[in-house]
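Peer 1: Got a file for you: entry.csv, CSV, C-alpha atoms.
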chain,number,residue,atom,x,y,z
A,1,MET,CA,33.4,9.3,2.6
A,2,SER,CA,33.5,6.9,5.5
A,3,LEU,CA,31.9,4.1,3.5
A,4,LYS,CA,35.1,3.7,1.6
A,5,ARG,CA,36.9,3.0,4.9
A,6,GLU,CA,34.5,0.4,6.2
A,7,LEU,CA,33.3,-1.2,2.9
A,8,PRO,CA,35.8,-1.4,0.0
A,9,THR,CA,34.5,-0.6,-3.4
A,10,SER,CA,35.5,-4.1,-4.7
A,11,THR,CA,33.3,-5.7,-2.0
A,12,LEU,CA,30.4,-3.4,-2.8
A,13,SER,CA,30.6,-3.9,-6.5
A,14,GLY,CA,31.0,-7.7,-6.1
A,15,PHE,CA,27.9,-7.7,-4.0
A,16,ALA,CA,26.0,-5.8,-6.6
A,17,LEU,CA,27.2,-8.0,-9.4
A,18,SER,CA,26.3,-11.2,-7.6
A,19,GLY,CA,22.8,-9.9,-6.8
A,20,LEU,CA,22.3,-9.0,-10.4
A,21,LEU,CA,23.6,-12.4,-11.6
A,22,VAL,CA,21.3,-14.3,-9.2
A,23,LEU,CA,18.3,-12.3,-10.4
A,24,THR,CA,19.2,-12.8,-14.0
A,25,ILE,CA,19.5,-16.6,-13.6
A,26,LEU,CA,16.2,-16.6,-11.7
A,27,ASN,CA,14.6,-14.7,-14.6
A,28,ILE,CA,16.0,-17.1,-17.2
A,29,LEU,CA,14.6,-20.0,-15.2
A,30,LEU,CA,11.2,-18.4,-14.9
A,31,GLN,CA,11.1,-17.6,-18.6
A,32,ASN,CA,11.9,-21.2,-19.6
A,33,MET,CA,9.0,-22.7,-17.6
A,34,PRO,CA,6.5,-24.5,-19.8
A,35,ASN,CA,3.7,-22.2,-20.9
A,36,LYS,CA,0.9,-24.6,-20.1
A,37,ILE,CA,1.6,-24.6,-16.4
A,38,GLN,CA,-1.4,-23.7,-14.2
A,39,THR,CA,-0.5,-20.8,-11.9
A,40,ALA,CA,-2.4,-20.0,-8.8
A,41,GLY,CA,-3.7,-16.9,-10.5
A,42,GLU,CA,-5.4,-18.8,-13.3
A,43,ALA,CA,-7.1,-21.1,-10.9
A,44,LEU,CA,-8.3,-18.1,-8.8
A,45,LEU,CA,-9.5,-16.4,-12.0
A,46,LYS,CA,-11.6,-19.4,-12.8
A,47,LEU,CA,-13.0,-19.5,-9.3
A,48,ASN,CA,-13.6,-15.8,-9.5
A,49,THR,CA,-16.5,-16.1,-11.9
A,50,GLN,CA,-18.4,-18.0,-9.2
A,51,GLU,CA,-18.4,-15.0,-6.9
A,52,GLY,CA,-19.9,-12.5,-9.4
A,53,VAL,CA,-17.3,-9.8,-8.8
A,54,ALA,CA,-15.9,-8.1,-11.9
A,55,ASN,CA,-12.5,-7.1,-10.5
A,56,ALA,CA,-10.4,-10.3,-9.8
A,57,VAL,CA,-7.8,-8.4,-7.7
A,58,THR,CA,-10.6,-7.4,-5.3
A,59,THR,CA,-11.8,-11.0,-5.1
A,60,VAL,CA,-8.3,-12.2,-4.3
A,61,VAL,CA,-7.6,-9.5,-1.7
A,62,VAL,CA,-11.0,-9.5,0.1
A,63,TYR,CA,-12.3,-13.1,-0.4
A,64,PHE,CA,-9.6,-15.6,-1.1
A,65,ARG,CA,-7.1,-13.7,1.1
A,66,GLY,CA,-9.7,-12.1,3.4
A,67,PHE,CA,-8.1,-13.4,6.6
A,68,ASP,CA,-4.8,-11.9,5.5
A,69,THR,CA,-6.5,-8.6,4.9
A,70,LEU,CA,-7.9,-8.7,8.4
A,71,GLY,CA,-4.3,-9.1,9.6
A,72,GLU,CA,-3.1,-6.3,7.4
A,73,ILE,CA,-5.7,-4.0,8.9
A,74,ALA,CA,-4.5,-5.0,12.3
A,75,VAL,CA,-0.9,-4.1,11.3
A,76,LEU,CA,-2.1,-0.7,10.1
A,77,PHE,CA,-4.0,-0.2,13.3
A,78,ILE,CA,-1.0,-1.1,15.5
A,79,ALA,CA,1.2,1.3,13.5
A,80,SER,CA,-1.4,4.1,13.9
A,81,LEU,CA,-1.6,3.3,17.6
A,82,GLY,CA,2.2,3.4,18.0
A,83,ILE,CA,2.4,6.7,16.2
A,84,GLY,CA,-0.4,8.1,18.3
A,85,LEU,CA,1.3,6.9,21.5
A,86,ILE,CA,4.7,8.4,20.5
A,87,LEU,CA,3.6,11.7,18.9
A,88,HIS,CA,0.3,12.7,20.5
A,89,THR,CA,0.2,16.2,22.0
A,90,ASN,CA,-2.6,18.5,22.9
A,91,SER,CA,-1.1,21.7,21.5
A,92,ARG,CA,-0.4,22.4,17.8
A,93,CYS,CA,2.9,24.0,16.8
A,94,ASP,CA,2.7,27.4,15.3
A,95,ILE,CA,3.9,26.7,11.7
A,96,LYS,CA,6.0,29.7,10.6
A,97,ALA,CA,4.6,30.1,7.1
A,98,GLU,CA,1.0,31.3,7.2
A,99,SER,CA,-1.1,29.4,4.6
A,100,ASN,CA,-2.1,31.9,2.0
A,101,PHE,CA,-5.5,32.9,0.7
A,102,MET,CA,-5.2,30.9,-2.5
A,103,LEU,CA,-4.6,27.6,-0.6
A,104,GLN,CA,-7.5,28.3,1.7
A,105,THR,CA,-9.9,29.1,-1.2
A,106,ALA,CA,-8.7,26.2,-3.3
A,107,SER,CA,-9.1,23.7,-0.4
A,108,LYS,CA,-12.7,24.8,0.1
A,109,ILE,CA,-13.4,23.9,-3.6
A,110,LEU,CA,-11.2,20.8,-3.7
A,111,PHE,CA,-12.0,19.1,-0.4
A,112,PRO,CA,-15.6,18.0,-1.4
A,113,ILE,CA,-14.3,16.7,-4.8
A,114,ILE,CA,-11.5,14.7,-3.2
A,115,MET,CA,-13.9,13.2,-0.7
A,116,LEU,CA,-16.4,12.3,-3.4
A,117,PHE,CA,-13.6,10.7,-5.5
A,118,GLY,CA,-12.4,8.8,-2.5
A,119,VAL,CA,-15.8,7.4,-1.7
A,120,TYR,CA,-16.4,6.6,-5.4
A,121,VAL,CA,-13.1,4.6,-5.6
A,122,MET,CA,-14.1,2.9,-2.4
A,123,ILE,CA,-17.6,1.9,-3.4
A,124,TYR,CA,-16.7,0.8,-7.0
A,125,GLY,CA,-13.8,-1.3,-5.8
A,126,HIS,CA,-15.4,-4.5,-7.0
A,127,LEU,CA,-16.1,-3.2,-10.5
A,128,SER,CA,-13.1,-1.1,-11.4
A,129,PRO,CA,-9.5,-0.6,-10.4
A,130,GLY,CA,-9.3,0.8,-6.9
A,131,GLY,CA,-10.9,-0.3,-3.6
A,132,GLY,CA,-10.8,0.3,0.1
A,133,PHE,CA,-7.1,0.9,0.5
A,134,GLN,CA,-6.8,3.4,-2.3
A,135,GLY,CA,-10.1,5.2,-1.5
A,136,GLY,CA,-9.0,5.5,2.2
A,137,VAL,CA,-5.7,7.0,1.2
A,138,ILE,CA,-7.4,9.5,-1.1
A,139,ILE,CA,-9.7,10.6,1.8
A,140,ALA,CA,-6.7,11.0,4.1
A,141,SER,CA,-5.1,13.2,1.4
A,142,GLY,CA,-8.2,15.4,1.6
A,143,VAL,CA,-7.8,15.6,5.4
A,144,LEU,CA,-4.1,16.5,4.9
A,145,LEU,CA,-5.2,19.4,2.6
A,146,LEU,CA,-7.5,20.8,5.3
A,147,LEU,CA,-4.7,20.3,7.9
A,148,ILE,CA,-2.2,22.4,6.0
A,149,SER,CA,-4.8,25.0,5.0
A,150,TYR,CA,-6.3,25.9,8.3
A,151,LYS,CA,-4.1,26.2,11.4
A,152,THR,CA,-7.0,25.6,13.8
A,153,PHE,CA,-8.4,22.5,12.0
A,154,GLU,CA,-8.2,19.2,13.9
A,155,VAL,CA,-9.5,15.8,13.0
A,156,PRO,CA,-12.4,15.1,15.4
A,157,HIS,CA,-11.0,12.4,17.7
A,158,ALA,CA,-14.4,10.9,18.8
A,159,VAL,CA,-15.6,10.5,15.2
A,160,ILE,CA,-12.4,8.7,14.3
A,161,VAL,CA,-12.6,6.4,17.3
A,162,ALA,CA,-16.3,5.6,16.5
A,163,LEU,CA,-15.6,4.9,12.8
A,164,GLU,CA,-12.6,2.7,13.5
A,165,THR,CA,-14.4,0.7,16.1
A,166,PHE,CA,-17.4,0.3,13.8
A,167,ALA,CA,-15.2,-0.9,10.9
A,168,GLY,CA,-13.2,-3.3,12.9
A,169,VAL,CA,-16.1,-4.9,14.7
A,170,SER,CA,-18.2,-5.2,11.6
A,171,TYR,CA,-15.4,-6.9,9.6
A,172,VAL,CA,-15.1,-9.6,12.3
A,173,LEU,CA,-18.9,-9.8,12.6
A,174,ILE,CA,-19.3,-10.4,8.9
A,175,GLY,CA,-16.7,-13.1,9.1
A,176,LEU,CA,-18.4,-14.7,12.0
A,177,ILE,CA,-21.8,-14.7,10.3
A,178,GLY,CA,-20.1,-16.5,7.4
A,179,LEU,CA,-18.7,-19.0,9.8
A,180,VAL,CA,-22.2,-19.7,11.3
A,181,VAL,CA,-24.1,-19.8,7.9
A,182,LEU,CA,-21.6,-21.4,5.6
A,183,ASP,CA,-19.0,-23.0,7.9
A,184,THR,CA,-16.1,-20.9,6.6
A,185,PHE,CA,-14.8,-17.7,8.1
A,186,LEU,CA,-15.7,-14.8,5.7
A,187,GLY,CA,-18.1,-17.1,3.7
A,188,ASN,CA,-20.1,-15.2,1.1
A,189,PHE,CA,-23.5,-15.6,2.6
A,190,LEU,CA,-25.3,-12.8,0.6
A,191,PRO,CA,-26.6,-13.5,-2.9
A,192,HIS,CA,-23.8,-13.4,-5.5
A,193,ASP,CA,-25.4,-14.4,-8.8
A,194,ILE,CA,-23.1,-14.4,-11.8
A,195,SER,CA,-25.9,-12.7,-13.9
A,196,GLN,CA,-25.5,-9.6,-11.7
A,197,MET,CA,-21.8,-9.3,-12.5
A,198,GLY,CA,-20.8,-5.7,-13.3
A,199,MET,CA,-23.7,-4.1,-11.4
A,200,LEU,CA,-23.2,-2.0,-8.3
A,201,LEU,CA,-25.2,-4.5,-6.1
A,202,SER,CA,-23.3,-7.7,-6.8
A,203,GLY,CA,-20.7,-9.9,-5.3
A,204,GLY,CA,-22.4,-10.5,-1.9
A,205,ILE,CA,-20.2,-9.5,1.0
A,206,ILE,CA,-17.2,-8.5,-1.0
A,207,PRO,CA,-18.1,-4.8,-1.7
A,208,LEU,CA,-19.3,-4.5,1.9
A,209,ILE,CA,-15.9,-5.7,3.3
A,210,TYR,CA,-14.0,-3.4,0.9
A,211,ILE,CA,-16.1,-0.4,2.1
A,212,ILE,CA,-15.4,-1.3,5.7
A,213,VAL,CA,-11.7,-1.6,4.9
A,214,GLY,CA,-11.9,1.9,3.2
A,215,ILE,CA,-13.5,3.4,6.3
A,216,LYS,CA,-10.8,1.9,8.6
A,217,VAL,CA,-7.9,2.9,6.3
A,218,GLY,CA,-9.2,6.4,5.8
A,219,SER,CA,-9.7,7.1,9.5
A,220,GLU,CA,-6.3,5.5,10.5
A,221,MET,CA,-4.4,7.4,7.8
A,222,SER,CA,-6.1,10.6,8.8
A,223,MET,CA,-5.0,10.1,12.4
A,224,ILE,CA,-1.4,9.3,11.2
A,225,VAL,CA,-1.3,12.4,9.1
A,226,GLN,CA,-2.6,14.6,11.9
A,227,ASN,CA,-0.1,13.1,14.5
A,228,LEU,CA,2.8,13.6,12.1
A,229,ILE,CA,1.9,17.2,11.4
A,230,GLN,CA,1.1,18.1,15.0
A,231,ARG,CA,4.1,19.0,17.1
A,232,SER,CA,4.4,20.3,20.6
A,233,ASN,CA,5.4,23.9,21.3
A,234,ASP,CA,8.3,23.1,23.5
A,235,VAL,CA,10.8,22.0,20.9
B,1,MET,CA,13.3,1.0,-34.5
B,2,PHE,CA,12.5,0.0,-30.9
B,3,GLU,CA,10.0,-2.8,-31.8
B,4,PHE,CA,12.3,-5.5,-30.4
B,5,LEU,CA,11.7,-4.0,-26.9
B,6,ASN,CA,8.1,-5.2,-27.1
B,7,GLN,CA,9.2,-8.9,-26.8
B,8,PRO,CA,8.3,-10.3,-23.4
B,9,GLU,CA,11.8,-11.7,-22.9
B,10,VAL,CA,13.4,-8.2,-23.4
B,11,ILE,CA,10.8,-6.6,-21.2
B,12,LYS,CA,11.5,-9.0,-18.4
B,13,VAL,CA,15.2,-8.6,-18.6
B,14,ILE,CA,14.8,-4.8,-18.6
B,15,VAL,CA,12.5,-5.0,-15.6
B,16,THR,CA,14.9,-7.2,-13.7
B,17,ILE,CA,18.0,-5.1,-14.4
B,18,GLY,CA,16.1,-1.9,-13.8
B,19,SER,CA,14.6,-2.9,-10.5
B,20,MET,CA,18.0,-4.3,-9.3
B,21,LEU,CA,19.6,-1.0,-10.2
B,22,LEU,CA,16.9,0.8,-8.2
B,23,PHE,CA,17.5,-1.6,-5.3
B,24,PHE,CA,21.2,-0.8,-5.3
B,25,VAL,CA,20.5,2.9,-5.5
B,26,GLY,CA,18.5,2.4,-2.3
B,27,LEU,CA,21.2,0.2,-0.7
B,28,PHE,CA,23.9,2.7,-1.6
B,29,GLY,CA,21.9,5.5,0.1
B,30,LEU,CA,21.3,3.2,3.1
B,31,LEU,CA,25.0,2.6,3.5
B,32,THR,CA,26.4,6.0,2.8
B,33,ARG,CA,24.0,8.6,4.2
B,34,LYS,CA,24.1,9.5,7.9
B,35,HIS,CA,20.9,11.5,8.2
B,36,ILE,CA,18.2,9.2,9.6
B,37,ILE,CA,15.4,10.4,7.5
B,38,LYS,CA,17.5,9.9,4.3
B,39,ILE,CA,18.0,6.3,5.5
B,40,PHE,CA,14.3,5.8,5.7
B,41,ILE,CA,13.9,7.3,2.2
B,42,SER,CA,16.5,4.8,1.0
B,43,ILE,CA,14.5,1.9,2.5
B,44,ALA,CA,11.4,3.2,0.7
B,45,ILE,CA,13.3,3.2,-2.6
B,46,MET,CA,14.4,-0.4,-2.1
B,47,GLU,CA,10.8,-1.4,-1.3
B,48,SER,CA,9.6,0.2,-4.5
B,49,SER,CA,12.2,-1.7,-6.5
B,50,ILE,CA,10.8,-4.9,-5.2
B,51,PHE,CA,7.2,-3.9,-6.1
B,52,LEU,CA,8.4,-3.1,-9.7
B,53,LEU,CA,10.1,-6.5,-9.9
B,54,PHE,CA,7.1,-8.4,-8.7
B,55,ILE,CA,4.6,-6.7,-11.0
B,56,GLY,CA,7.0,-6.5,-14.0
B,57,LEU,CA,7.9,-10.2,-14.0
B,58,THR,CA,4.3,-11.3,-14.2
B,59,PHE,CA,3.1,-8.6,-16.6
B,60,ASN,CA,2.2,-9.7,-20.1
B,61,MET,CA,1.6,-7.1,-22.8
B,62,ASP,CA,-0.8,-9.2,-24.8
B,63,PHE,CA,-3.0,-9.9,-21.9
B,64,ILE,CA,-5.7,-7.6,-20.5
B,65,ALA,CA,-6.4,-6.4,-16.9
B,66,PRO,CA,-8.1,-9.0,-14.7
B,67,ILE,CA,-11.5,-7.3,-14.8
B,68,LEU,CA,-14.3,-9.5,-16.0
B,69,ASP,CA,-17.5,-8.3,-17.7
B,70,SER,CA,-20.0,-9.6,-20.2
B,71,THR,CA,-17.5,-9.2,-23.1
B,72,HIS,CA,-14.4,-10.5,-21.3
B,73,VAL,CA,-15.5,-13.8,-19.8
B,74,ASN,CA,-12.5,-15.6,-21.2
B,75,VAL,CA,-10.0,-15.8,-18.3
B,76,SER,CA,-7.2,-17.4,-20.2
B,77,ASN,CA,-5.9,-14.1,-21.6
B,78,MET,CA,-5.9,-12.1,-18.4
B,79,ASN,CA,-3.0,-11.0,-16.3
B,80,ASP,CA,-2.4,-12.8,-13.0
B,81,PRO,CA,-4.2,-11.1,-10.2
B,82,VAL,CA,-2.2,-12.6,-7.3
B,83,PRO,CA,0.9,-10.4,-7.6
B,84,HIS,CA,-1.3,-7.3,-7.6
B,85,ALA,CA,-3.0,-8.4,-4.4
B,86,MET,CA,0.4,-9.3,-2.8
B,87,ILE,CA,1.9,-6.0,-3.7
B,88,LEU,CA,-1.2,-4.1,-2.4
B,89,THR,CA,-0.5,-5.8,0.9
B,90,ALA,CA,3.2,-5.0,0.8
B,91,ILE,CA,2.6,-1.4,0.0
B,92,VAL,CA,0.3,-0.9,3.0
B,93,ILE,CA,2.7,-2.7,5.4
B,94,GLY,CA,5.6,-0.7,4.0
B,95,MET,CA,3.8,2.6,4.5
B,96,ALA,CA,2.8,1.7,8.1
B,97,VAL,CA,6.4,0.7,9.0
B,98,LEU,CA,7.8,3.8,7.3
B,99,ALA,CA,5.4,6.1,9.2
B,100,LEU,CA,6.2,4.4,12.5
B,101,GLY,CA,10.0,4.7,11.9
B,102,LEU,CA,9.6,8.4,11.0
B,103,SER,CA,7.7,9.0,14.2
B,104,PHE,CA,10.5,7.4,16.2
B,105,ALA,CA,13.0,9.6,14.4
B,106,ILE,CA,10.9,12.7,15.1
B,107,GLU,CA,10.6,11.8,18.8
B,108,TYR,CA,14.3,11.1,19.1
B,109,PHE,CA,15.1,14.4,17.5
B,110,LYS,CA,12.8,16.1,20.0
B,111,LEU,CA,14.5,14.5,22.9
B,112,THR,CA,18.1,14.8,21.9
B,113,GLY,CA,18.3,17.1,18.9
B,114,LYS,CA,20.4,14.6,16.9
B,115,THR,CA,19.8,13.3,13.3
B,116,ASN,CA,23.2,11.9,12.6
B,117,ILE,CA,23.3,8.1,13.2
B,118,ASP,CA,27.0,8.3,14.2
B,119,GLU,CA,26.1,10.4,17.2
B,120,MET,CA,23.3,8.1,18.4
B,121,ASN,CA,25.4,6.3,21.1
B,122,GLU,CA,23.3,6.7,24.2
B,123,MET,CA,23.0,3.0,24.7
B,124,ARG,CA,26.8,2.3,24.3
B,125,HIS,CA,27.9,3.3,27.8
Represent the structure contained in this file as structure tokens.

Peer 2:
Amino acid sequence: MSLKRELPTSTLSGFALSGLLVLTILNILLQNMPNKIQTAGEALLKLNTQEGVANAVTTVVVYFRGFDTLGEIAVLFIASLGIGLILHTNSRCDIKAESNFMLQTASKILFPIIMLFGVYVMIYGHLSPGGGFQGGVIIASGVLLLLISYKTFEVPHAVIVALETFAGVSYVLIGLIGLVVLDTFLGNFLPHDISQMGMLLSGGIIPLIYIIVGIKVGSEMSMIVQNLIQRSNDV
Amino acid sequence: MFEFLNQPEVIKVIVTIGSMLLFFVGLFGLLTRKHIIKIFISIAIMESSIFLLFIGLTFNMDFIAPILDSTHVNVSNMNDPVPHAMILTAIVIGMAVLALGLSFAIEYFKLTGKTNIDEMNEMRH
């Protein structure tokens, strides 16, 4: 193998050993820290009770790190844009293997259930494990099932554009309304009483933002999946 | 027989060594394979080892998930939610970068018909 010529085994194993040693020392240092130290997570968990949202991970992602999530959505949008620019074609390749009858019948049954599960994970993101990113990816997997089952199926482009625009604009608008009302970007201006914690309508803007994130992630992932599966005929 | 594995120190050492081994599996694939899609898969394996290290180091078996309700209002015995949120971000970014890289590889294969990185020398001349 040509690796042996360029990188000797002793170099590679020394590299591996030093990495392992560094991580072990770091681990020992981390374990010997005093137990009563206040981590950022504990402080955020205490703050979390003020927002009335049951799932603390959702509060951290959407509220305390809401601006970062906006940037993350922008990164995902730029990746989707790049994939669309590189791979977009108007004609679909004839996939050699015909999708069989069982796959077509099963996708008719499974697609509504996958969609329903995705929307459930998205809407209940502030109460249970899950949320916008996970729900959006589940919805995109349902779209992938349709794409491999039916050769003529295509994701409607106008709908995707409308959904993505709506989601991006409303995320920024909610943040700006918070800026006007409460003097902080993405301030929680809707009622978020702690007595409502655990109910579907609780947490103010946090479930709204996670649903918006879910719409955006679902539409972008669907477009990525379609662009990756779609190939031009002239290969 | 295996009760000693439940101690937090042992779990953290196992997580560290296991994720480092997974990292070096990915690094070995990155250095030895020549097919460009296999290289992207190696990068994805290295990413997942970092995710495991981050979550595993802050995980405590005696603590519960950071989900509050009327019976779990005591936040002192909950796991730290910050690494979960960071890793959620990292997973999404890693997926986007991987998909973009794969699309570059597909387009390059369409233009030149090459997948071996040793033959990708168009810019050399």

Peer 1: Using only C-alpha atoms, which residue out of A:Pro8, A:Gly71, A:Gly19, A:Gly204 lies closest to Ile17 in chain B?

Peer 2: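 Of A:Pro8, A:Gly71, A:Gly19, A:Gly204, the one nearest Ile17 in chain B, counting only C-alpha atoms, is A:Gly19.
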
Peer 1: Show me, as a ChimeraX atom specification, the residues that have an atom within 10 Å of His84 in chain B when counting only C-alpha atoms, minus same-chain residues fewer than 2 positions from it.

Peer 2: /A:56-58,60-61 /B:51,54-55,58,66,79-82,86-90

Peer 1: Enter the distance from CA of Asp68 in chain A to CA of Met197 in chain A, in Å, rounded to one decimal.

Peer 2: 24.9 Å

Peer 1: Restrict the distance test to all atoms listed in the file, flag each residue of chain A within 6 Å of chain B, and return the flagged residues as a ChimeraX atom specification.

Peer 2: /A:3,41,54-57,61,76,79,83

Peer 1: Can you measure CA of Ala162 in chain A to CA of Gly214 in chain A for me? One decimal in Å is fine.

Peer 2: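 Answer for the CA of Ala162 in chain A to CA of Gly214 in chain A separation: 14.5 Å.
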
Peer 1: Mind giving me the straight-line distance from CA of Ala167 in chain A to CA of Ile212 in chain A in Å, one decimal?

Peer 2: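 If I compute the distance from CA of Ala167 in chain A to CA of Ile212 in chain A, I get 5.2 Å.
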
Peer 1: Could you complete range 38-50 of chain A so that it carries N, CA and C atoms, and give it back as an mmCIF file, in the coordinates of the input?

Peer 2:
data_model
loop_
_atom_site.group_PDB
_atom_site.id
_atom_site.type_symbol
_atom_site.label_atom_id
_atom_site.label_comp_id
_atom_site.auth_asym_id
_atom_site.auth_seq_id
_atom_site.Cartn_x
_atom_site.Cartn_y
_atom_site.Cartn_z
ATOM 1 N N GLN A 38 -0.230 -24.405 -14.839
ATOM 2 C CA GLN A 38 -1.400 -23.700 -14.200
ATOM 3 C C GLN A 38 -0.857 -22.933 -13.007
ATOM 4 N N THR A 39 -0.913 -21.631 -13.075
ATOM 5 C CA THR A 39 -0.500 -20.800 -11.900
ATOM 6 C C THR A 39 -1.688 -20.688 -10.972
ATOM 7 N N ALA A 40 -1.365 -20.201 -9.761
ATOM 8 C CA ALA A 40 -2.400 -20.000 -8.800
ATOM 9 C C ALA A 40 -3.398 -18.938 -9.283
ATOM 10 N N GLY A 41 -2.876 -17.942 -10.028
ATOM 11 C CA GLY A 41 -3.700 -16.900 -10.500
ATOM 12 C C GLY A 41 -4.787 -17.368 -11.472
ATOM 13 N N GLU A 42 -4.397 -18.331 -12.358
ATOM 14 C CA GLU A 42 -5.400 -18.800 -13.300
ATOM 15 C C GLU A 42 -6.489 -19.591 -12.602
ATOM 16 N N ALA A 43 -6.092 -20.402 -11.614
ATOM 17 C CA ALA A 43 -7.100 -21.100 -10.900
ATOM 18 C C ALA A 43 -8.031 -20.190 -10.131
ATOM 19 N N LEU A 44 -7.438 -19.112 -9.565
ATOM 20 C CA LEU A 44 -8.300 -18.100 -8.800
ATOM 21 C C LEU A 44 -9.165 -17.387 -9.810
ATOM 22 N N LEU A 45 -8.661 -17.112 -11.034
ATOM 23 C CA LEU A 45 -9.500 -16.400 -12.000
ATOM 24 C C LEU A 45 -10.703 -17.257 -12.400
ATOM 25 N N LYS A 46 -10.478 -18.595 -12.484
ATOM 26 C CA LYS A 46 -11.600 -19.400 -12.800
ATOM 27 C C LYS A 46 -12.619 -19.474 -11.659
ATOM 28 N N LEU A 47 -12.093 -19.522 -10.429
ATOM 29 C CA LEU A 47 -13.000 -19.500 -9.300
ATOM 30 C C LEU A 47 -13.710 -18.182 -9.134
ATOM 31 N N ASN A 48 -13.052 -17.111 -9.642
ATOM 32 C CA ASN A 48 -13.600 -15.800 -9.500
ATOM 33 C C ASN A 48 -14.938 -15.587 -10.069
ATOM 34 N N THR A 49 -15.204 -16.310 -11.189
ATOM 35 C CA THR A 49 -16.500 -16.100 -11.900
ATOM 36 C C THR A 49 -17.638 -16.620 -10.988
ATOM 37 N N GLN A 50 -17.332 -17.500 -10.015
ATOM 38 C CA GLN A 50 -18.400 -18.000 -9.200
ATOM 39 C C GLN A 50 -18.893 -16.906 -8.183
#
